$ cat target.txt   # compact mmCIF, C-alpha atoms
# COMPACT_ATOMS: atom_id res chain seq x y z
CA MET Y 1 -8.69 20.18 -22.42
CA CYS Y 2 -10.53 18.05 -19.89
CA ARG Y 3 -13.78 19.34 -18.43
CA PRO Y 4 -15.27 18.80 -14.98
CA ALA Y 5 -18.45 16.80 -14.60
CA THR Y 6 -21.07 16.03 -12.04
CA ARG Y 7 -20.76 12.88 -9.97
CA PRO Y 8 -22.27 9.72 -11.51
CA ARG Y 9 -24.43 7.18 -9.73
CA SER Y 10 -24.40 3.51 -8.83
CA ARG Y 11 -25.32 0.94 -6.24
CA TRP Y 12 -22.66 -0.16 -3.76
CA ARG Y 13 -22.34 -2.32 -0.70
CA SER Y 14 -19.36 -3.16 1.49
CA SER Y 15 -17.90 -6.68 1.74
CA PRO Y 16 -17.26 -8.71 4.93
CA MET Y 17 -13.73 -9.09 6.27
CA ASP Y 18 -11.86 -12.15 5.15
CA ARG Y 19 -12.49 -14.98 7.64
CA ASP Y 20 -8.83 -15.88 8.03
CA ALA Y 21 -7.93 -12.26 8.78
CA GLN Y 22 -10.77 -12.05 11.31
CA HIS Y 23 -9.58 -15.23 13.03
CA ALA Y 24 -6.03 -13.90 13.17
CA LEU Y 25 -7.20 -10.60 14.69
CA THR Y 26 -9.27 -12.44 17.27
CA SER Y 27 -6.23 -14.50 18.22
CA LEU Y 28 -4.08 -11.41 18.67
CA HIS Y 29 -6.73 -9.54 20.68
CA ALA Y 30 -7.04 -12.58 22.94
CA THR Y 31 -3.59 -11.71 24.32
CA LEU Y 32 -4.99 -8.56 25.95
CA PRO Y 33 -5.28 -8.75 29.76
CA ASP Y 34 -8.66 -9.99 31.03
CA THR Y 35 -8.74 -7.12 33.53
CA LEU Y 36 -9.35 -4.52 30.80
CA SER Y 37 -12.82 -3.01 30.68
CA GLN Y 38 -14.84 -3.27 27.48
CA GLU Y 39 -14.11 0.37 26.65
CA ALA Y 40 -10.38 0.01 27.31
CA ARG Y 41 -10.26 -3.15 25.20
CA HIS Y 42 -11.99 -1.31 22.35
CA TYR Y 43 -9.35 1.43 22.34
CA ALA Y 44 -6.49 -1.04 22.74
CA GLU Y 45 -7.71 -3.00 19.73
CA GLY Y 46 -7.88 0.20 17.68
CA SER Y 47 -4.42 1.50 18.62
CA ARG Y 48 -2.93 0.40 15.29
CA ALA Y 49 -4.07 0.50 11.68
CA HIS Y 50 -6.32 -2.41 10.77
CA SER Y 51 -3.94 -3.63 8.06
CA THR Y 52 -1.05 -3.57 10.54
CA GLN Y 53 -3.13 -5.52 13.07
CA ARG Y 54 -3.96 -8.15 10.46
CA ALA Y 55 -0.30 -8.55 9.52
CA TYR Y 56 0.78 -8.84 13.16
CA ALA Y 57 -2.03 -11.28 13.91
CA THR Y 58 -1.15 -13.54 11.01
CA ASP Y 59 2.56 -13.56 11.86
CA PHE Y 60 1.90 -14.29 15.53
CA ARG Y 61 -0.48 -17.11 14.61
CA LEU Y 62 2.25 -18.70 12.47
CA PHE Y 63 4.67 -18.42 15.39
CA ALA Y 64 2.12 -20.02 17.73
CA GLN Y 65 1.63 -22.89 15.28
CA TRP Y 66 5.39 -23.39 15.07
CA CYS Y 67 5.57 -23.49 18.87
CA ALA Y 68 2.69 -25.94 19.14
CA ILE Y 69 4.39 -28.43 16.81
CA ARG Y 70 7.50 -28.28 18.98
CA GLN Y 71 5.57 -28.26 22.25
CA ARG Y 72 6.85 -24.83 23.18
CA LEU Y 73 4.89 -22.03 24.84
CA ALA Y 74 4.15 -19.13 22.48
CA LEU Y 75 2.91 -16.70 25.13
CA PRO Y 76 4.89 -16.02 27.13
CA ALA Y 77 7.65 -17.46 24.98
CA GLU Y 78 11.15 -18.21 26.14
CA PRO Y 79 13.84 -16.03 24.52
CA GLN Y 80 15.52 -19.21 23.29
CA THR Y 81 12.30 -20.29 21.58
CA ILE Y 82 12.09 -17.00 19.68
CA ALA Y 83 15.79 -17.17 18.82
CA ASN Y 84 15.38 -20.67 17.38
CA TYR Y 85 12.35 -19.54 15.39
CA LEU Y 86 14.28 -16.63 13.87
CA ALA Y 87 17.22 -18.87 13.00
CA GLU Y 88 14.88 -21.26 11.19
CA LEU Y 89 13.23 -18.40 9.30
CA ALA Y 90 16.66 -17.19 8.18
CA ARG Y 91 16.97 -20.28 5.97
CA THR Y 92 14.31 -18.97 3.58
CA LYS Y 93 13.26 -15.44 4.60
CA LYS Y 94 14.82 -12.02 4.08
CA PRO Y 95 16.00 -10.05 7.15
CA SER Y 96 13.26 -7.47 6.59
CA THR Y 97 10.59 -10.20 6.66
CA ILE Y 98 12.07 -11.75 9.80
CA GLU Y 99 12.08 -8.36 11.54
CA LYS Y 100 8.36 -7.96 10.78
CA LYS Y 101 7.63 -11.37 12.26
CA LEU Y 102 9.69 -10.54 15.35
CA ALA Y 103 7.74 -7.28 15.70
CA ALA Y 104 4.48 -9.27 15.70
CA ILE Y 105 5.75 -11.51 18.50
CA SER Y 106 6.84 -8.46 20.47
CA VAL Y 107 3.47 -6.73 20.03
CA ALA Y 108 1.59 -9.84 21.17
CA HIS Y 109 3.64 -9.90 24.36
CA GLN Y 110 3.15 -6.16 24.89
CA LEU Y 111 -0.61 -6.57 24.60
CA ALA Y 112 -0.42 -9.38 27.16
CA GLY Y 113 1.37 -7.08 29.61
CA TYR Y 114 4.98 -8.14 29.05
CA VAL Y 115 6.75 -4.81 28.64
CA ASP Y 116 10.31 -3.52 28.78
CA GLY Y 117 12.61 -6.15 30.28
CA GLU Y 118 9.80 -8.71 30.56
CA ASN Y 119 9.26 -8.91 26.81
CA PRO Y 120 11.20 -11.97 25.55
CA ALA Y 121 11.22 -10.58 22.00
CA ARG Y 122 13.56 -7.85 23.26
CA HIS Y 123 15.88 -10.17 25.16
CA GLY Y 124 19.61 -9.84 24.53
CA VAL Y 125 19.83 -13.29 22.96
CA VAL Y 126 17.07 -12.47 20.48
CA ARG Y 127 18.63 -9.12 19.58
CA ALA Y 128 22.01 -10.79 19.05
CA ILE Y 129 20.46 -13.38 16.73
CA MET Y 130 18.72 -10.65 14.74
CA ARG Y 131 21.92 -8.62 14.40
CA SER Y 132 23.78 -11.67 13.15
CA ILE Y 133 21.06 -12.45 10.60
CA ARG Y 134 21.20 -8.89 9.27
CA ARG Y 135 24.99 -8.98 9.05
CA GLU Y 136 25.17 -12.40 7.37
CA HIS Y 137 22.30 -12.03 4.94
CA GLY Y 138 22.45 -8.28 4.32
CA THR Y 139 19.77 -5.68 4.97
CA ARG Y 140 19.51 -3.77 1.71
CA PRO Y 141 16.19 -4.83 0.18
CA LYS Y 142 15.68 -5.04 -3.57
CA LYS Y 143 13.45 -2.07 -4.24
CA LYS Y 144 10.83 -2.08 -6.94
CA GLU Y 145 11.34 0.25 -9.88
CA ALA Y 146 9.60 3.60 -10.02
CA LEU Y 147 7.00 3.84 -12.79
CA LEU Y 148 8.10 7.12 -14.37
CA ALA Y 149 6.03 9.48 -16.52
CA GLU Y 150 7.40 8.09 -19.78
CA SER Y 151 6.40 4.54 -18.80
CA ILE Y 152 3.00 5.72 -17.56
CA ARG Y 153 2.35 7.25 -20.98
CA ARG Y 154 3.27 3.95 -22.66
CA VAL Y 155 0.98 2.00 -20.35
CA ILE Y 156 -1.93 4.40 -20.84
CA GLY Y 157 -1.36 4.31 -24.59
CA ALA Y 158 -1.74 0.54 -24.55
CA ILE Y 159 -4.93 0.79 -22.49
CA THR Y 160 -6.32 3.38 -24.93
CA GLN Y 161 -5.68 0.98 -27.82
CA GLU Y 162 -7.47 -1.74 -25.88
CA LEU Y 163 -10.46 0.54 -25.39
CA GLU Y 164 -10.54 1.40 -29.09
CA ALA Y 165 -9.87 -1.98 -30.65
CA GLY Y 166 -10.13 -4.59 -27.92
CA PRO Y 167 -13.15 -6.76 -27.09
CA ALA Y 168 -16.09 -5.02 -25.43
CA TRP Y 169 -15.93 -7.22 -22.30
CA ARG Y 170 -12.56 -5.72 -21.38
CA ARG Y 171 -13.81 -2.15 -21.47
CA MET Y 172 -14.82 -1.85 -17.81
CA SER Y 173 -11.57 -3.16 -16.38
CA ALA Y 174 -9.59 -1.01 -18.84
CA LEU Y 175 -11.44 2.14 -17.77
CA ARG Y 176 -10.87 1.31 -14.10
CA ASP Y 177 -7.19 0.50 -14.59
CA ARG Y 178 -6.56 3.72 -16.53
CA ALA Y 179 -8.17 5.84 -13.82
CA LEU Y 180 -6.45 3.96 -11.00
CA LEU Y 181 -2.97 4.22 -12.53
CA LEU Y 182 -3.27 7.90 -13.43
CA ILE Y 183 -4.78 8.93 -10.08
CA GLY Y 184 -2.24 6.81 -8.19
CA PHE Y 185 0.63 8.37 -10.10
CA ALA Y 186 -0.61 11.99 -10.11
CA GLY Y 187 -1.39 11.85 -6.37
CA GLY Y 188 1.71 9.96 -5.31
CA PHE Y 189 -0.52 7.61 -3.33
CA ARG Y 190 0.33 4.51 -1.37
CA ARG Y 191 -1.72 1.58 -2.59
CA SER Y 192 -3.61 1.50 0.74
CA GLU Y 193 -4.55 5.17 0.31
CA LEU Y 194 -5.65 4.58 -3.26
CA VAL Y 195 -8.06 1.74 -2.47
CA ALA Y 196 -9.40 3.57 0.61
CA LEU Y 197 -10.67 6.51 -1.49
CA GLU Y 198 -14.44 6.93 -1.64
CA ILE Y 199 -16.80 9.15 -3.59
CA GLN Y 200 -17.20 11.45 -0.59
CA ASP Y 201 -13.44 12.07 -0.67
CA VAL Y 202 -13.63 13.71 -4.13
CA ALA Y 203 -14.35 17.40 -4.62
CA TRP Y 204 -14.62 18.73 -8.18
CA TYR Y 205 -13.21 22.14 -9.14
CA PRO Y 206 -12.63 24.03 -12.43
CA GLN Y 207 -8.90 23.38 -11.98
CA GLY Y 208 -9.27 19.66 -11.23
CA ILE Y 209 -10.16 17.58 -8.18
CA ARG Y 210 -9.26 17.53 -4.51
CA LEU Y 211 -8.90 14.09 -2.94
CA THR Y 212 -9.05 13.75 0.84
CA ILE Y 213 -6.87 11.06 2.39
CA ARG Y 214 -8.54 10.41 5.73
CA ARG Y 215 -5.93 8.09 7.18
CA SER Y 216 -2.55 6.77 6.07
CA LYS Y 217 0.49 4.80 7.13
CA THR Y 218 2.08 7.86 8.76
CA ASP Y 219 -1.23 9.36 9.93
CA GLN Y 220 -2.83 6.68 12.10
CA GLU Y 221 -4.78 9.25 14.13
CA GLY Y 222 -6.68 10.44 11.08
CA ALA Y 223 -5.62 14.08 10.78
CA GLY Y 224 -5.99 13.64 7.03
CA ARG Y 225 -4.56 15.58 4.10
CA ASP Y 226 -5.93 17.05 0.89
CA VAL Y 227 -4.27 16.21 -2.41
CA PRO Y 228 -4.98 18.42 -5.45
CA ILE Y 229 -4.87 16.82 -8.89
CA ARG Y 230 -5.06 19.17 -11.86
CA TYR Y 231 -6.48 18.52 -15.30
CA GLY Y 232 -3.77 17.09 -17.53
CA GLU Y 233 -2.29 18.81 -20.55
CA HIS Y 234 -3.16 15.83 -22.73
CA GLU Y 235 -6.64 14.34 -22.80
CA GLU Y 236 -5.41 10.74 -23.09
CA THR Y 237 -3.33 10.93 -19.89
CA CYS Y 238 -5.51 13.34 -17.89
CA PRO Y 239 -6.14 11.75 -14.48
CA VAL Y 240 -9.23 13.85 -13.78
CA ARG Y 241 -10.92 12.93 -17.05
CA ALA Y 242 -9.97 9.27 -16.62
CA LEU Y 243 -11.60 9.20 -13.18
CA ARG Y 244 -14.74 10.92 -14.44
CA VAL Y 245 -15.13 8.50 -17.37
CA TRP Y 246 -14.66 5.48 -15.08
CA LEU Y 247 -17.19 6.70 -12.51
CA GLU Y 248 -19.76 7.43 -15.21
CA ALA Y 249 -19.28 4.06 -16.88
CA ALA Y 250 -19.45 2.20 -13.56
CA ARG Y 251 -22.33 4.37 -12.31
CA ILE Y 252 -20.63 4.87 -8.97
CA ASP Y 253 -22.05 7.61 -6.77
CA ARG Y 254 -21.15 6.26 -3.31
CA GLY Y 255 -18.72 3.87 -1.72
CA PRO Y 256 -15.21 3.08 -2.99
CA LEU Y 257 -13.82 4.77 -6.11
CA PHE Y 258 -12.14 1.59 -7.26
CA VAL Y 259 -14.04 -1.69 -7.11
CA ALA Y 260 -13.55 -5.18 -8.46
CA VAL Y 261 -14.69 -6.03 -11.97
CA ALA Y 262 -16.11 -9.53 -12.41
CA LYS Y 263 -14.28 -12.00 -14.61
CA GLY Y 264 -15.18 -11.27 -18.20
CA GLY Y 265 -15.79 -7.60 -17.39
CA GLN Y 266 -19.52 -7.91 -17.99
CA HIS Y 267 -20.66 -7.01 -14.48
CA LEU Y 268 -19.22 -4.86 -11.75
CA GLY Y 269 -18.40 -6.40 -8.45
CA PHE Y 270 -19.17 -4.32 -5.39
CA ARG Y 271 -16.04 -5.19 -3.44
CA ARG Y 272 -13.44 -2.55 -2.67
CA LEU Y 273 -10.16 -3.34 -4.39
CA ALA Y 274 -7.49 -4.72 -2.07
CA GLY Y 275 -4.01 -3.25 -1.99
CA GLU Y 276 -2.68 -6.45 -3.55
CA ALA Y 277 -5.00 -5.88 -6.51
CA VAL Y 278 -3.27 -2.55 -7.23
CA ALA Y 279 0.06 -4.36 -7.46
CA ALA Y 280 -1.48 -6.98 -9.75
CA ILE Y 281 -2.90 -4.29 -12.05
CA VAL Y 282 0.46 -2.49 -12.24
CA LYS Y 283 2.25 -5.75 -13.07
CA ARG Y 284 -0.28 -6.77 -15.70
CA ARG Y 285 -0.23 -3.40 -17.41
CA VAL Y 286 3.57 -2.97 -17.49
CA ARG Y 287 3.91 -6.50 -18.90
CA ALA Y 288 1.64 -5.44 -21.78
CA VAL Y 289 4.19 -2.80 -22.86
CA GLY Y 290 7.23 -5.06 -22.59
CA LEU Y 291 8.45 -4.18 -19.08
CA ASP Y 292 9.38 -6.85 -16.55
CA PRO Y 293 6.48 -7.13 -14.07
CA GLU Y 294 8.83 -8.42 -11.38
CA ASP Y 295 10.47 -4.98 -11.28
CA PHE Y 296 7.23 -3.17 -10.42
CA ALA Y 297 4.56 -3.16 -7.71
CA GLY Y 298 1.82 -0.94 -6.32
CA HIS Y 299 4.41 1.35 -4.72
CA SER Y 300 5.89 2.04 -8.17
CA LEU Y 301 3.18 4.67 -8.75
CA ARG Y 302 4.13 6.63 -5.62
CA ALA Y 303 7.85 6.26 -6.30
CA GLY Y 304 7.29 7.28 -9.91
CA PHE Y 305 5.51 10.48 -8.93
CA ALA Y 306 8.23 11.56 -6.49
CA THR Y 307 11.10 10.64 -8.78
CA THR Y 308 9.53 12.36 -11.81
CA ALA Y 309 8.63 15.47 -9.79
CA PHE Y 310 12.20 15.81 -8.52
CA SER Y 311 13.62 15.30 -12.01
CA GLN Y 312 11.47 18.24 -13.15
CA GLY Y 313 12.81 20.51 -10.40
CA ALA Y 314 10.12 20.20 -7.70
CA SER Y 315 11.27 21.03 -4.18
CA GLU Y 316 11.18 18.65 -1.23
CA LEU Y 317 8.39 20.67 0.38
CA GLU Y 318 6.26 20.59 -2.79
CA VAL Y 319 6.58 16.82 -3.05
CA MET Y 320 5.96 16.25 0.68
CA GLU Y 321 2.75 18.30 0.53
CA ILE Y 322 1.41 15.85 -2.05
CA THR Y 323 2.77 12.53 -0.79
CA GLY Y 324 2.45 13.17 2.95
CA HIS Y 325 5.99 11.95 3.64
CA THR Y 326 7.14 12.66 7.19
CA SER Y 327 10.67 11.32 6.76
CA LEU Y 328 13.15 13.36 4.74
CA ALA Y 329 15.49 10.36 4.64
CA THR Y 330 12.90 8.30 2.75
CA LEU Y 331 11.99 11.17 0.46
CA ARG Y 332 15.62 11.84 -0.45
CA GLU Y 333 15.95 8.36 -1.90
CA TYR Y 334 13.57 9.56 -4.62
CA LEU Y 335 15.40 12.88 -4.81
CA ARG Y 336 18.69 11.13 -5.56
CA ALA Y 337 17.04 8.96 -8.21
CA GLY Y 338 15.20 11.88 -9.80
CA ARG Y 339 18.27 14.08 -10.00
CA LEU Y 340 20.79 11.34 -10.75
CA TRP Y 341 21.68 12.70 -14.19
CA ASN Y 342 21.52 16.35 -13.17
CA ASN Y 343 25.00 16.04 -11.70
CA THR Y 344 27.38 16.83 -14.58
CA ALA Y 345 30.65 16.30 -12.70
CA GLY Y 346 31.27 13.00 -14.47
CA ALA Y 347 30.84 14.63 -17.87
CA LYS Y 348 33.76 16.96 -17.14
CA LEU Y 349 36.39 14.21 -16.80
CA GLY Y 350 37.36 14.31 -20.45
CA LEU Y 351 36.89 10.58 -21.01
$ encode --input "target.txt" --output "structure tokens"
Amino acid sequence: MCRPATRPRSRWRSSPMDRDAQHALTSLHATLPDTLSQEARHYAEGSRAHSTQRAYATDFRLFAQWCAIRQRLALPAEPQTIANYLAELARTKKPSTIEKKLAAISVAHQLAGYVDGENPARHGVVRAIMRSIRREHGTRPKKKEALLAESIRRVIGAITQELEAGPAWRRMSALRDRALLLIGFAGGFRRSELVALEIQDVAWYPQGIRLTIRRSKTDQEGAGRDVPIRYGEHEETCPVRALRVWLEAARIDRGPLFVAVAKGGQHLGFRRLAGEAVAAIVKRRVRAVGLDPEDFAGHSLRAGFATTAFSQGASELEVMEITGHTSLATLREYLRAGRLWNNTAGAKLGL
């Protein structure tokens, strides 16, 4: 049985924002009206999650570059300009990607004061183009596979073998990956929630740990939620023990729980892991046990928790309390997957 431990120690410092992301944000914020006071501008710039702002800013910058090449005005843009841009994107992009780019153009115009009928991104021509793209190219995205409990055990087994017999320089990244995968799975976390966790968000109890999610995709105002994670039945796959061992080895006592490990594994970086790094770790670790990495991503941990919990008889409310889902429609996708083989009607056909 796993045992609780005191918090370990380390040095930590935060890293500066990526320069390209900062430039994109500055470009998007430049669309705000000049008449706003400094205080109003501050709140306007913080009205959306930082990751969402970065994505919008990057997409709008790409649109502005496209317009510049064609000598078209990006702000305010003509509806026909946006329609032509969407049609060109449809040659290579999925409808879901195009909708995100259209949302960025719409937000930029909203910030500049073009609302309701004045926003060209909501013009009838643009909406008609978008409907046609969805109809012609389809809207059902190819979802990544859920990383279920059985696969998690295989992955952790491979990491354990690496720790026991692999080269010493891989030890640090193996310890981090084991903790990250088990905590991500046991807590049903989004990858953004996982990398945002800090030492101060962990409370240790005899039963396990409580992790505080201070802000999430569906909680932009920061109400927060507490996620309990119990000690596992098996020492090898116990998420609490895995986290404790990683923190002790990395000597982390403040800052992010999950940080970068320098190439070669000999020295710890002090940068917080990015969400993309979670996806890369999942892909690398599933590949090591013979699974196709293209079928999995960072979200596979969250999907795996919900699907496995439902397959074991958990209720919707019990799962929602852990994952923080606010949409039953989204949650029931996992419910259907988790209980797919519980329906025995097909077995009664006598075939």
$ closest_residue --input "target.txt" --among "Y:Leu243, Y:Ala279, Y:Leu148, Y:Cys67" --to "Y:Gly304" --atoms "only C-alpha atoms"
Y:Leu148
$ closest_residue --input "target.txt" --among "Y:Arg241, Y:Pro228, Y:Val261, Y:Asp253" --to "Y:Glu318" --atoms "only C-alpha atoms"
Y:Pro228
$ atom_distance --input "target.txt" --atom1 "atom CA of Y:Ser315" --atom2 "atom CA of Y:Val195"
27.4 Å
$ closest_residue --input "target.txt" --among "Y:Leu75, Y:Val240, Y:Ala128, Y:Ala249" --to "Y:Arg61" --atoms "all atoms listed in the file"
Y:Leu75
$ residues_around --input "target.txt" --residues "stretch 81-93 of chain Y" --least-positions-apart "6" --cutoff "7 Å" --atoms "only C-alpha atoms" --output "PyMOL selection string"
chain Y and resi 121+125-126+129+133
